[in-house]
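**Student:** I'd like to ask some things about the structure below.
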Amino acid sequence: MKILGLSCFYHDAAACLLDNGVLVAAASEERFSRRKQDSDFPVSAIRHVLSEGGHQVEDIDAVVFYDKPILKFERLLKSQLHTFPMSFSHFVDGMPRWMATRLRLPKMLKSELGYTGPLLYSEHHLSHAASAFYTSGWDEAAILTVDGVGEWTTASWGVGRGNQITLKGDIHFPNSLGLLYSAFTWYCGFKVNSAEYKLMGLAPYGQPRFVEAIRELVQIAPDGTFALDMRYFDFVKGTRMFNRRFEELLGRPRRPLHAEDMDDHYKDVARSIQMITEEIMVKLARSTMERTGLNRLCLAGGVALNCVANGAIIRESGVKELWVHPAAGDAGGAVGAAMLAWHQLLGNPRQPQMTSPYLGPAYDEDAIRDALDIHGAVYQRMDRQALLDEVAAQVDTAHVVGWYQGRMEWGPRALGHRSILGDPRHPEMRSIINMKIKMREGFRPFAPTVLESHMKDWFDLDRPSPYMLLVAPVRADASPLPAITHVDGSARVQTISAQQDPLYHDLIQTFFRRTGCPVMINTSMNVRGEPIVNTPEDAYLCFMRTHMDALAIGPFFLRKEQQPTLDLQTAAEAFGLD
């Protein structure tokens, strides 16, 4: 049986294919459209997952959507009627567009794909819960989901046993930790539903002097449940996240979007809301385990991408084991919806734990060569060990290397298949990559990949972190790693084992043998404002538009100084760019 899972129309549109319960492929639409966090109907992602499984649209037995549009419509309508007439312009602007997409999904499936088969609807937080529990490999676990908002729910907790999930409690809109964090994202001058990770990266630079002020905005119970004081917020009735009262409480107006300056006031605000977020998440995790009597916890929802809070849960909640789905946000809802239909609706037994995040497209040697030849690229084909030796040597000598191999990662993190690599020991490497390649804010840290077998020697981490979703302190007694150590002495760690990815593991093993350091900078191969690269064409264009020194793409190795000047017009025509 083939089940297609879909998530779209809000942000992070995605598709996945389940073939007799096995997750064959999953990908976000942004990687194909090249529009970051593309929310449109994911037609390209759908075509990819079908192709990966060797199927046509007519082979699909059911499509499962990740939430219930009619319940979300009810929430939007009731909320805007409740705040009428202040919400009138918001209603006029947003409701027609909303109805033209979500309520027309059957027609879009038919017109875009020719699909006329069964269409099922999950519930938003049930999809989140399923994405985490069914991929955990555990027969029994507590479940916690936290995000901005689904239909009405903004957080839920429950139990997974066998192939069944039961959600036992929830928190309802407008009380939302995700929307609270997004309000502060907007206040500090970053984009909502896009740049919350920037706020998390900014937080360690500040002092928590606004914690008590934020407690005026949100009341937190001992069990982690919370309620927002809506006198400070406008997201129910308008397009603004907050009002003037919110800004007066914090003592300064909102920082303009994309402003160049970043003074201590906004750093302190970021630190304060991060501390409140961690407090709520730790309390929710602890109370979820107490209510269920289980100390294995599955975590999903957009707030589960706050890896600093995840680290706090491990240290402070008493959790024995924690599993976070690698695409914990809305994209992961596509997987959760499909798995919910397969296991809970159809009663099929569980599958083994998800062991690989590499569920996107791969391109063979011929496709890569063709992409390079279009531009007369100068490259050398190397065997496996020669390529590993060359890349390790380049990184060791302070060069920045693009690393493009195998199937694209599932989720928002580059995990060694669409990555930019650098030397974590080099004191200037962070600035070099930030300013010359990523073209992003200087305060943002870079993540390390460490050999799983050596993680305890370099980080205060007692468990693997294969999906880069845990923050841990860098060990003070280890050799300095200035390029990946954040201002608070922490790092967002990815561990790598030979089982997860033999090639990437062996690259870092080669670097370790050469240098005595089993750690390498791993950041996503993209520039500011663009999605992670997908195709060989995307990778080559990223390489040539930045100051990367070299590119290892499949078996081919390219040196920047040997390349012809990039003809942007030819690139646009060849790669289908505007």
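Identifiers in the structure tokens: chain A, B, ... in order shown; residue index from 1 per chain; ligand index from 1 in order shown.
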Which residues are close to Arg514 in chain A, i.e. within 10 Å by only C-alpha atoms, leaving aside same-chain residues fewer than 4 positions away? Reply as a ChimeraX atom specification.

**Tutor:** /A:389,392-393,396,508-510,518

**Student:** Need the shell around range 328-335 of chain A: protein/DNA/RNA residues with any atom at most 6 Å away, counting only C-alpha atoms. Skip same-chain ones fewer than 3 positions apart. Format as an MDAnalysis selection string?

**Tutor:** chainID A and resid 5:7 12:16 66 127:128 131 300:302 325 338

**Student:** Run DSSP on the backbone and tell me which residues of range 329-438 of chain A come out as strand (DSSP E or B); list them as a list in words.

**Tutor:**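 Restricting range 329-438 of chain A to strand (DSSP E or B) produces Tyr358, Gln380, Arg381, Val401, Gly402, Trp403, Tyr404, Glu409, Arg418, Ser419, Ile420, Leu421 and Gly422 of chain A.
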
**Student:** Generate a file of the selected residues that holds N, CA, C and O atoms, formatted as a PDB file, in the first residue's frame.

**Tutor:**
```
ATOM      1  N   TYR A 358      18.515  10.832   5.414  1.00  0.00           N
ATOM      2  CA  TYR A 358      18.843  11.100   4.010  1.00  0.00           C
ATOM      3  C   TYR A 358      17.734  10.521   3.127  1.00  0.00           C
ATOM      4  O   TYR A 358      17.829   9.417   2.606  1.00  0.00           O
ATOM      5  N   GLN A 380      38.578  17.209 -11.088  1.00  0.00           N
ATOM      6  CA  GLN A 380      39.365  15.982 -11.081  1.00  0.00           C
ATOM      7  C   GLN A 380      38.522  14.888 -10.452  1.00  0.00           C
ATOM      8  O   GLN A 380      37.968  15.069  -9.364  1.00  0.00           O
ATOM      9  N   ARG A 381      38.424  13.753 -11.135  1.00  0.00           N
ATOM     10  CA  ARG A 381      37.709  12.627 -10.548  1.00  0.00           C
ATOM     11  C   ARG A 381      38.670  11.847  -9.653  1.00  0.00           C
ATOM     12  O   ARG A 381      39.791  11.512 -10.059  1.00  0.00           O
ATOM     13  N   VAL A 401      35.415  24.115   2.325  1.00  0.00           N
ATOM     14  CA  VAL A 401      35.102  23.128   1.291  1.00  0.00           C
ATOM     15  C   VAL A 401      33.601  22.831   1.261  1.00  0.00           C
ATOM     16  O   VAL A 401      32.991  22.542   2.296  1.00  0.00           O
ATOM     17  N   GLY A 402      33.017  22.902   0.081  1.00  0.00           N
ATOM     18  CA  GLY A 402      31.654  22.422  -0.100  1.00  0.00           C
ATOM     19  C   GLY A 402      31.659  20.908  -0.226  1.00  0.00           C
ATOM     20  O   GLY A 402      32.511  20.336  -0.907  1.00  0.00           O
ATOM     21  N   TRP A 403      30.690  20.264   0.428  1.00  0.00           N
ATOM     22  CA  TRP A 403      30.633  18.796   0.475  1.00  0.00           C
ATOM     23  C   TRP A 403      29.233  18.373   0.046  1.00  0.00           C
ATOM     24  O   TRP A 403      28.263  18.574   0.780  1.00  0.00           O
ATOM     25  N   TYR A 404      29.126  17.822  -1.151  1.00  0.00           N
ATOM     26  CA  TYR A 404      27.832  17.473  -1.753  1.00  0.00           C
ATOM     27  C   TYR A 404      27.872  16.002  -2.112  1.00  0.00           C
ATOM     28  O   TYR A 404      28.565  15.591  -3.049  1.00  0.00           O
ATOM     29  N   GLU A 409      19.301  15.716   2.794  1.00  0.00           N
ATOM     30  CA  GLU A 409      18.783  15.523   4.141  1.00  0.00           C
ATOM     31  C   GLU A 409      17.299  15.887   4.245  1.00  0.00           C
ATOM     32  O   GLU A 409      16.803  16.765   3.548  1.00  0.00           O
ATOM     33  N   ARG A 418      24.753  17.995   2.183  1.00  0.00           N
ATOM     34  CA  ARG A 418      24.682  19.294   1.495  1.00  0.00           C
ATOM     35  C   ARG A 418      25.301  20.332   2.427  1.00  0.00           C
ATOM     36  O   ARG A 418      24.642  21.238   2.909  1.00  0.00           O
ATOM     37  N   SER A 419      26.612  20.177   2.680  1.00  0.00           N
ATOM     38  CA  SER A 419      27.272  20.908   3.757  1.00  0.00           C
ATOM     39  C   SER A 419      28.440  21.750   3.260  1.00  0.00           C
ATOM     40  O   SER A 419      29.004  21.507   2.193  1.00  0.00           O
ATOM     41  N   ILE A 420      28.797  22.738   4.072  1.00  0.00           N
ATOM     42  CA  ILE A 420      30.045  23.482   3.940  1.00  0.00           C
ATOM     43  C   ILE A 420      30.880  23.138   5.161  1.00  0.00           C
ATOM     44  O   ILE A 420      30.398  23.204   6.301  1.00  0.00           O
ATOM     45  N   LEU A 421      32.135  22.758   4.931  1.00  0.00           N
ATOM     46  CA  LEU A 421      32.996  22.241   5.992  1.00  0.00           C
ATOM     47  C   LEU A 421      34.170  23.182   6.246  1.00  0.00           C
ATOM     48  O   LEU A 421      34.680  23.820   5.327  1.00  0.00           O
ATOM     49  N   GLY A 422      34.588  23.241   7.527  1.00  0.00           N
ATOM     50  CA  GLY A 422      35.726  24.063   7.899  1.00  0.00           C
ATOM     51  C   GLY A 422      36.396  23.528   9.142  1.00  0.00           C
ATOM     52  O   GLY A 422      35.899  22.598   9.802  1.00  0.00           O
TER      53      GLY A 422
END
```

**Student:** Kindly indicate which residue among A:Thr535, A:Ser194, A:Gln494, A:Ser453 lies nearest to Leu470 in chain A, using only C-alpha atoms for the distances.

**Tutor:**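 Checking each of A:Thr535, A:Ser194, A:Gln494, A:Ser453 against Leu470 in chain A, counting only C-alpha atoms, the winner is A:Gln494.
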
**Student:** Using only C-alpha atoms, which residue out of A:Met108, A:Ala478, A:Val319, A:Met408 lies closest to Trp458 in chain A?

**Tutor:**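 Closest to Trp458 in chain A, using only C-alpha atoms: A:Ala478.
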
**Student:** Go ahead and compute the interatomic distance for CA of Glu140 in chain A and CA of Leu119 in chain A, in Å to one decimal.

**Tutor:**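 These two atoms are separated by 29.1 Å.
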
**Student:** Counting only C-alpha atoms, what is within 8 Å of Ala491 in chain A, bar same-chain residues fewer than 3 positions away, as a list of chain:residue names?

**Tutor:** A:Pro445, A:Phe446, A:Ala447, A:Pro448, A:Val471, A:Ala472, A:Pro473, A:Val474, A:Ile484, A:Thr485, A:His486

**Student:** Can those selected residues be exported to a file as a PDB file, in the first residue's frame so that it contains N, CA, C and O atoms?

**Tutor:**
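To be explicit, this is the file written out as again_38.pdb:
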```pdb
ATOM      1  N   PRO A 445      26.271  31.246  15.555  1.00  0.00           N
ATOM      2  CA  PRO A 445      27.330  30.236  15.695  1.00  0.00           C
ATOM      3  C   PRO A 445      27.271  29.191  14.582  1.00  0.00           C
ATOM      4  O   PRO A 445      26.271  29.077  13.874  1.00  0.00           O
ATOM      5  N   PHE A 446      28.343  28.430  14.467  1.00  0.00           N
ATOM      6  CA  PHE A 446      28.361  27.280  13.578  1.00  0.00           C
ATOM      7  C   PHE A 446      28.348  26.000  14.399  1.00  0.00           C
ATOM      8  O   PHE A 446      28.855  25.959  15.523  1.00  0.00           O
ATOM      9  N   ALA A 447      27.793  24.981  13.806  1.00  0.00           N
ATOM     10  CA  ALA A 447      27.666  23.702  14.503  1.00  0.00           C
ATOM     11  C   ALA A 447      28.826  22.789  14.145  1.00  0.00           C
ATOM     12  O   ALA A 447      29.376  22.862  13.046  1.00  0.00           O
ATOM     13  N   PRO A 448      29.203  21.904  15.066  1.00  0.00           N
ATOM     14  CA  PRO A 448      30.232  20.905  14.776  1.00  0.00           C
ATOM     15  C   PRO A 448      29.618  19.542  14.485  1.00  0.00           C
ATOM     16  O   PRO A 448      28.549  19.199  15.000  1.00  0.00           O
ATOM     17  N   VAL A 471      21.960  20.995  22.125  1.00  0.00           N
ATOM     18  CA  VAL A 471      23.074  21.881  22.456  1.00  0.00           C
ATOM     19  C   VAL A 471      23.725  21.357  23.722  1.00  0.00           C
ATOM     20  O   VAL A 471      23.048  20.980  24.678  1.00  0.00           O
ATOM     21  N   ALA A 472      25.049  21.330  23.727  1.00  0.00           N
ATOM     22  CA  ALA A 472      25.799  20.826  24.878  1.00  0.00           C
ATOM     23  C   ALA A 472      27.030  21.692  25.092  1.00  0.00           C
ATOM     24  O   ALA A 472      27.556  22.285  24.140  1.00  0.00           O
ATOM     25  N   PRO A 473      27.537  21.771  26.338  1.00  0.00           N
ATOM     26  CA  PRO A 473      28.768  22.519  26.586  1.00  0.00           C
ATOM     27  C   PRO A 473      29.975  21.865  25.921  1.00  0.00           C
ATOM     28  O   PRO A 473      30.076  20.639  25.865  1.00  0.00           O
ATOM     29  N   VAL A 474      30.856  22.698  25.406  1.00  0.00           N
ATOM     30  CA  VAL A 474      32.147  22.212  24.925  1.00  0.00           C
ATOM     31  C   VAL A 474      33.017  21.956  26.156  1.00  0.00           C
ATOM     32  O   VAL A 474      33.086  22.783  27.065  1.00  0.00           O
ATOM     33  N   ILE A 484      33.571  26.820  16.659  1.00  0.00           N
ATOM     34  CA  ILE A 484      32.237  26.248  16.898  1.00  0.00           C
ATOM     35  C   ILE A 484      31.759  26.479  18.325  1.00  0.00           C
ATOM     36  O   ILE A 484      30.634  26.107  18.664  1.00  0.00           O
ATOM     37  N   THR A 485      32.564  27.099  19.152  1.00  0.00           N
ATOM     38  CA  THR A 485      32.177  27.339  20.538  1.00  0.00           C
ATOM     39  C   THR A 485      31.458  28.674  20.633  1.00  0.00           C
ATOM     40  O   THR A 485      32.032  29.728  20.321  1.00  0.00           O
ATOM     41  N   HIS A 486      30.191  28.630  21.071  1.00  0.00           N
ATOM     42  CA  HIS A 486      29.398  29.845  21.179  1.00  0.00           C
ATOM     43  C   HIS A 486      29.891  30.660  22.376  1.00  0.00           C
ATOM     44  O   HIS A 486      30.667  30.196  23.203  1.00  0.00           O
TER      45      HIS A 486
END
```

**Student:** Might you pull out every residue within 10 Å of Thr145 in chain A, with only C-alpha atoms counted and same-chain residues fewer than 5 positions away left off, and present them as a list in words?

**Tutor:**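 Neighbouring residues, sequence-local ones excluded: His124, His125, Leu126, Ser127, His128, Ala129, Ala130, Ala132, Thr153, Thr154, Ala155, Ser156, Trp157, Gly158, Leu167, Asp170, Leu284, Ala285, Cys298, Leu299, Ala300, Gly301, Gly302, Val303, Ala304, Ala328 and Gly329 of chain A.
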
**Student:** At a cut-off of 12 Å, using only C-alpha atoms, what residues contact Leu177 in chain A? Leave out same-chain residues fewer than 6 positions from it and give the result as a ChimeraX atom specification.

**Tutor:** /A:145-149,153-156,171,183-184,217-220,224-228,273-274,276-281,284,301-304,306

**Student:** Do you have the CA of Ile368 in chain A-CA of Asn534 in chain A distance handy?

**Tutor:** 11.9 Å

**Student:** Skipping near chain neighbours, those fewer than 3 positions away, what residues fall within 8 Å of Met468 in chain A using only C-alpha atoms, listed as an MDAnalysis selection string?

**Tutor:** chainID A and resid 307 413 415 447 465 492:495

**Student:** Residues as selected, all heavy atoms, written as an mmCIF file, in the first residue's frame, can you do that?

**Tutor:**
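New file result30.cif:
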```cif
data_model
loop_
_atom_site.group_PDB
_atom_site.id
_atom_site.type_symbol
_atom_site.label_atom_id
_atom_site.label_comp_id
_atom_site.auth_asym_id
_atom_site.auth_seq_id
_atom_site.Cartn_x
_atom_site.Cartn_y
_atom_site.Cartn_z
ATOM 1 N N CYS A 307 16.977 23.795 19.941
ATOM 2 C CA CYS A 307 17.875 22.763 20.462
ATOM 3 C C CYS A 307 18.471 23.148 21.809
ATOM 4 O O CYS A 307 18.917 22.272 22.560
ATOM 5 C CB CYS A 307 18.970 22.457 19.450
ATOM 6 S SG CYS A 307 19.813 23.897 18.797
ATOM 7 N N ARG A 413 18.266 20.887 8.857
ATOM 8 C CA ARG A 413 19.707 20.890 9.092
ATOM 9 C C ARG A 413 20.449 20.140 7.990
ATOM 10 O O ARG A 413 19.998 19.082 7.537
ATOM 11 C CB ARG A 413 20.039 20.222 10.433
ATOM 12 C CG ARG A 413 19.195 20.645 11.610
ATOM 13 C CD ARG A 413 19.361 22.099 11.969
ATOM 14 N NE ARG A 413 18.664 22.410 13.202
ATOM 15 C CZ ARG A 413 18.253 23.613 13.548
ATOM 16 N NH1 ARG A 413 18.455 24.632 12.743
ATOM 17 N NH2 ARG A 413 17.641 23.816 14.703
ATOM 18 N N LEU A 415 23.278 17.705 7.253
ATOM 19 C CA LEU A 415 23.843 16.667 8.112
ATOM 20 C C LEU A 415 24.943 15.888 7.407
ATOM 21 O O LEU A 415 25.123 14.700 7.641
ATOM 22 C CB LEU A 415 22.725 15.726 8.585
ATOM 23 C CG LEU A 415 21.604 16.403 9.384
ATOM 24 C CD1 LEU A 415 20.457 15.431 9.648
ATOM 25 C CD2 LEU A 415 22.130 16.967 10.699
ATOM 26 N N ALA A 447 27.793 24.981 13.806
ATOM 27 C CA ALA A 447 27.666 23.702 14.503
ATOM 28 C C ALA A 447 28.826 22.789 14.145
ATOM 29 O O ALA A 447 29.376 22.862 13.046
ATOM 30 C CB ALA A 447 26.346 23.032 14.125
ATOM 31 N N SER A 465 23.615 12.636 19.096
ATOM 32 C CA SER A 465 22.774 13.720 18.584
ATOM 33 C C SER A 465 22.908 13.741 17.059
ATOM 34 O O SER A 465 23.507 14.647 16.481
ATOM 35 C CB SER A 465 23.218 15.064 19.186
ATOM 36 O OG SER A 465 22.471 16.138 18.655
ATOM 37 N N ARG A 492 25.969 23.429 19.121
ATOM 38 C CA ARG A 492 24.848 22.611 18.648
ATOM 39 C C ARG A 492 25.459 21.421 17.910
ATOM 40 O O ARG A 492 25.933 21.537 16.793
ATOM 41 C CB ARG A 492 23.953 23.440 17.729
ATOM 42 C CG ARG A 492 22.801 22.682 17.102
ATOM 43 C CD ARG A 492 21.802 23.647 16.505
ATOM 44 N NE ARG A 492 22.398 24.619 15.618
ATOM 45 C CZ ARG A 492 22.363 24.547 14.282
ATOM 46 N NH1 ARG A 492 21.776 23.543 13.697
ATOM 47 N NH2 ARG A 492 22.926 25.487 13.555
ATOM 48 N N VAL A 493 25.419 20.262 18.554
ATOM 49 C CA VAL A 493 26.256 19.134 18.163
ATOM 50 C C VAL A 493 25.520 18.176 17.224
ATOM 51 O O VAL A 493 24.356 17.826 17.458
ATOM 52 C CB VAL A 493 26.729 18.359 19.414
ATOM 53 C CG1 VAL A 493 27.619 17.185 19.017
ATOM 54 C CG2 VAL A 493 27.465 19.294 20.365
ATOM 55 N N GLN A 494 26.231 17.754 16.185
ATOM 56 C CA GLN A 494 25.824 16.583 15.404
ATOM 57 C C GLN A 494 26.856 15.492 15.631
ATOM 58 O O GLN A 494 28.054 15.714 15.432
ATOM 59 C CB GLN A 494 25.759 16.878 13.913
ATOM 60 C CG GLN A 494 25.352 15.641 13.093
ATOM 61 C CD GLN A 494 25.714 15.720 11.618
ATOM 62 O OE1 GLN A 494 26.345 16.679 11.181
ATOM 63 N NE2 GLN A 494 25.345 14.708 10.861
ATOM 64 N N THR A 495 26.401 14.332 16.058
ATOM 65 C CA THR A 495 27.288 13.176 16.141
ATOM 66 C C THR A 495 27.131 12.353 14.873
ATOM 67 O O THR A 495 26.064 12.334 14.257
ATOM 68 C CB THR A 495 26.954 12.309 17.360
ATOM 69 O OG1 THR A 495 25.570 11.905 17.297
ATOM 70 C CG2 THR A 495 27.184 13.080 18.655
#
```

**Student:** List the neighbours of Lys110 in chain A out to 12 Å using only C-alpha atoms; skip same-chain residues closer than 4 positions along the sequence, and give me the result as an MDAnalysis selection string.

**Tutor:** chainID A and resid 43 57:58 63 104:106 114:119

**Student:** Go ahead and write the residues just picked, C-alpha atoms, as a PDB file, in the first residue's frame.

**Tutor:**
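Below is the file again05.pdb, written as the result:
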```pdb
ATOM      1  CA  VAL A  43       3.959  19.442  -6.496  1.00  0.00           C
ATOM      2  CA  VAL A  57       0.213   8.994  -9.186  1.00  0.00           C
ATOM      3  CA  GLU A  58      -2.208   6.197 -10.079  1.00  0.00           C
ATOM      4  CA  VAL A  63      -3.318  10.852   0.382  1.00  0.00           C
ATOM      5  CA  ARG A 104      -9.773  23.311  -2.390  1.00  0.00           C
ATOM      6  CA  LEU A 105      -7.214  20.598  -1.714  1.00  0.00           C
ATOM      7  CA  PRO A 106      -9.197  17.827  -3.507  1.00  0.00           C
ATOM      8  CA  GLY A 114      -4.558  13.892 -11.716  1.00  0.00           C
ATOM      9  CA  TYR A 115      -5.252  12.213  -8.355  1.00  0.00           C
ATOM     10  CA  THR A 116      -8.872  11.362  -7.554  1.00  0.00           C
ATOM     11  CA  GLY A 117      -8.446   8.676  -4.886  1.00  0.00           C
ATOM     12  CA  PRO A 118      -9.126   8.766  -1.138  1.00  0.00           C
ATOM     13  CA  LEU A 119      -8.109  11.916   0.746  1.00  0.00           C
TER      14      LEU A 119
END
```

**Student:** With distances taken over only C-alpha atoms, which residue among A:Thr166, A:Ser33, A:Thr523, A:Thr565 lies nearest Asp423 in chain A?

**Tutor:**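 Ranked by minimum distance to Asp423 in chain A, first place goes to A:Thr523.
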
**Student:** Write out as a VMD selection string all residues of range 371-433 of chain A that DSSP puts in alpha helix (DSSP H) for this structure's backbone.

**Tutor:** chain A and resid 371 to 373 384 to 396 429 to 433

**Student:** Grab the CA of Arg513 in chain A to CA of Glu365 in chain A distance for me, in Å with one decimal place.

**Tutor:**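 Result for CA of Arg513 in chain A versus CA of Glu365 in chain A: 28.3 Å, one decimal.
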
**Student:** Which residue, A:His505, A:Arg430, A:Arg296, A:Lys68, has the smallest gap to Val159 in chain A when you use only C-alpha atoms?

**Tutor:** A:Arg296

**Student:** Pick from A:Phe235, A:Thr355, A:Thr292, A:Arg559: nearest to Glu390 in chain A, with only C-alpha atoms counted?

**Tutor:** A:Arg559
